[in-house]
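Structure file protein31.cif with mmCIF, C-alpha atoms:
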data_upload
loop_
_atom_site.group_PDB
_atom_site.id
_atom_site.type_symbol
_atom_site.label_atom_id
_atom_site.label_comp_id
_atom_site.auth_asym_id
_atom_site.auth_seq_id
_atom_site.Cartn_x
_atom_site.Cartn_y
_atom_site.Cartn_z
ATOM 1 C CA MET A 1 122.966 83.677 139.860
ATOM 2 C CA GLU A 2 120.957 84.467 136.724
ATOM 3 C CA LYS A 3 121.790 82.852 133.426
ATOM 4 C CA MET A 4 122.756 85.241 130.674
ATOM 5 C CA VAL A 5 120.527 84.751 127.646
ATOM 6 C CA GLU A 6 122.315 85.388 124.402
ATOM 7 C CA GLU A 7 120.360 87.808 122.223
ATOM 8 C CA VAL A 8 119.828 86.519 118.695
ATOM 9 C CA PRO A 9 119.756 89.197 115.982
ATOM 10 C CA GLU A 10 116.328 89.268 114.361
ATOM 11 C CA ILE A 11 115.123 90.607 111.069
ATOM 12 C CA ARG A 12 111.717 91.766 109.957
ATOM 13 C CA LEU A 13 110.713 89.015 107.526
ATOM 14 C CA CYS A 14 107.365 90.342 106.264
ATOM 15 C CA GLU A 15 104.021 91.906 107.089
ATOM 16 C CA VAL A 16 100.731 90.028 107.243
ATOM 17 C CA SER A 17 97.155 91.255 107.117
ATOM 18 C CA ASN A 18 95.864 90.354 110.577
ATOM 19 C CA GLU A 19 96.432 88.438 113.819
ATOM 20 C CA PHE A 20 95.078 85.179 112.417
ATOM 21 C CA GLU A 21 97.471 85.287 109.458
ATOM 22 C CA ALA A 22 100.341 86.183 111.806
ATOM 23 C CA MET A 23 99.562 83.104 113.903
ATOM 24 C CA LEU A 24 99.455 80.916 110.782
ATOM 25 C CA VAL A 25 102.813 82.155 109.482
ATOM 26 C CA VAL A 26 104.534 81.899 112.867
ATOM 27 C CA ASN A 27 103.231 78.367 113.475
ATOM 28 C CA LEU A 28 104.118 77.258 109.943
ATOM 29 C CA LEU A 29 107.683 78.520 110.329
ATOM 30 C CA ARG A 30 108.046 77.038 113.824
ATOM 31 C CA GLU A 31 106.968 73.625 112.503
ATOM 32 C CA GLU A 32 109.878 73.908 110.055
ATOM 33 C CA GLY A 33 112.359 74.743 112.834
ATOM 34 C CA ILE A 34 112.429 78.533 112.322
ATOM 35 C CA CYS A 35 112.249 80.564 115.558
ATOM 36 C CA ALA A 36 109.566 82.954 114.334
ATOM 37 C CA ARG A 37 107.487 85.473 116.276
ATOM 38 C CA SER A 38 105.077 88.283 115.489
ATOM 39 C CA ASP A 39 104.077 91.549 117.083
ATOM 40 C CA ALA A 40 100.449 90.337 117.249
ATOM 41 C CA THR A 41 98.752 89.592 120.524
ATOM 42 C CA ALA A 42 96.232 86.830 121.036
ATOM 43 C CA ALA A 43 92.900 87.621 119.383
ATOM 44 C CA THR A 44 90.407 89.273 121.690
ATOM 45 C CA PRO A 45 87.085 87.497 122.053
ATOM 46 C CA ILE A 46 85.224 90.494 120.603
ATOM 47 C CA PHE A 47 82.624 89.699 117.947
ATOM 48 C CA GLY A 48 83.101 85.959 118.255
ATOM 49 C CA GLY A 49 86.887 86.075 118.644
ATOM 50 C CA LEU A 50 87.702 87.263 115.141
ATOM 51 C CA PRO A 51 91.079 89.022 114.877
ATOM 52 C CA PHE A 52 90.281 92.519 113.611
ATOM 53 C CA GLU A 53 93.546 94.308 114.330
ATOM 54 C CA PRO A 54 95.186 94.796 110.918
ATOM 55 C CA GLY A 55 98.838 94.684 109.908
ATOM 56 C CA HIS A 56 101.362 92.648 111.845
ATOM 57 C CA VAL A 57 105.065 91.987 111.395
ATOM 58 C CA ILE A 58 106.779 88.595 111.428
ATOM 59 C CA PHE A 59 110.325 88.411 112.829
ATOM 60 C CA VAL A 60 112.872 85.612 112.430
ATOM 61 C CA PRO A 61 116.548 85.237 113.329
ATOM 62 C CA THR A 62 118.695 86.892 110.671
ATOM 63 C CA SER A 63 120.465 83.620 109.979
ATOM 64 C CA GLN A 64 117.139 81.912 109.154
ATOM 65 C CA ALA A 65 115.541 84.639 106.987
ATOM 66 C CA LYS A 66 116.387 83.099 103.624
ATOM 67 C CA VAL A 67 115.068 79.665 104.609
ATOM 68 C CA ALA A 68 111.924 81.238 106.070
ATOM 69 C CA ARG A 69 111.233 83.033 102.772
ATOM 70 C CA GLU A 70 111.722 79.796 100.851
ATOM 71 C CA ILE A 71 109.265 77.995 103.144
ATOM 72 C CA LEU A 72 106.590 80.676 102.737
ATOM 73 C CA ALA A 73 107.106 80.735 98.962
ATOM 74 C CA GLN A 74 105.841 77.139 98.825
ATOM 75 C CA TYR A 75 102.357 78.297 99.878
ATOM 76 C CA PRO A 76 100.342 80.272 97.286
ATOM 77 C CA HIS A 77 98.605 82.416 99.913
ATOM 78 C CA PHE A 78 101.931 83.613 101.323
ATOM 79 C CA ARG A 79 103.664 84.385 98.020
ATOM 80 C CA ASN A 80 102.404 87.988 97.933
ATOM 81 C CA LEU A 81 103.137 89.163 101.459
ATOM 82 C CA LYS A 82 103.895 92.840 102.058
ATOM 83 C CA ASN A 83 107.375 94.226 102.691
ATOM 84 C CA VAL A 84 109.157 90.894 102.443
ATOM 85 C CA HIS A 85 112.815 91.009 103.423
ATOM 86 C CA GLU A 86 115.111 90.212 100.515
ATOM 87 C CA PRO A 87 118.188 88.518 101.995
ATOM 88 C CA ASP A 88 121.621 89.369 100.684
ATOM 89 C CA LEU A 89 122.825 86.770 98.250
#
Let me see the file written as structure tokens.
Amino acid sequence: MEKMVEEVPEIRLCEVSNEFEAMLVVNLLREEGICARSDATAATPIFGGLPFEPGHVIFVPTSQAKVAREILAQYPHFRNLKNVHEPDL
């Protein structure tokens, strides 16, 4: 019998410039206990493996969105991300 996996509601936290930045944000949030993911795929080894595909979205569980924003706000590079979700206060 298969286990039923409970679906966790996610929210679009922000957009990042490329696959490399998506990986950085996701890993940073995961290190802080946030279950983050992005819509980016692993970088293709074209032109030395540089991630050229622009614009990716970072998703986090709705319940962790505010904390995720606070974590990213501590890093100057991530303070000006595009389309950042503003959680309800």
Restricting the calculation to all atoms listed in the file: of A:Ala73, A:Ala68, A:Ile34, A:Val57, which residue gets closest to Val16 of chain A? A:Val57
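The smallest atom-to-atom distance between Arg69 of chain A and any of A:Ser38, A:Glu19, A:Glu10, A:Leu29, using only C-alpha atoms, is found for A:Leu29.
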Counting only C-alpha atoms, which of A:Ala22, A:Phe78, A:Leu28, A:Pro9 gets nearest to Ala40 of chain A? A:Ala22
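Note that the spacing between atom CA of Lys82 of chain A and atom CA of Gly33 of chain A amounts to 22.7 Å.
Residues captured in this structure file are Val8, Pro9, Glu10, Ile11, Leu13, Val25, Val26, Asn27, Leu28, Leu29, Arg30, Glu31, Glu32, Gly33, Ile34, Ala36, Arg37, Ser38, Ile58, Phe59, Val60, Pro61, Thr62, Ser63, Gln64, Ala65, Val67 and Ala68 of chain A, according to the PyMOL selection byres ((chain A and resi 35) around 12).
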Just give me the gap between atom CA of Gly55 of chain A and atom CA of Glu6 of chain A in Å, one decimal is fine. 29.1 Å
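Going from atom CA of Leu72 of chain A to atom CA of Glu7 of chain A covers 24.9 Å.
Residues surrounding Asn83 of chain A within 9 Å are Arg12, Leu13, Cys14 and Glu15 of chain A [only C-alpha atoms; sequence separation below 6 positions excluded].
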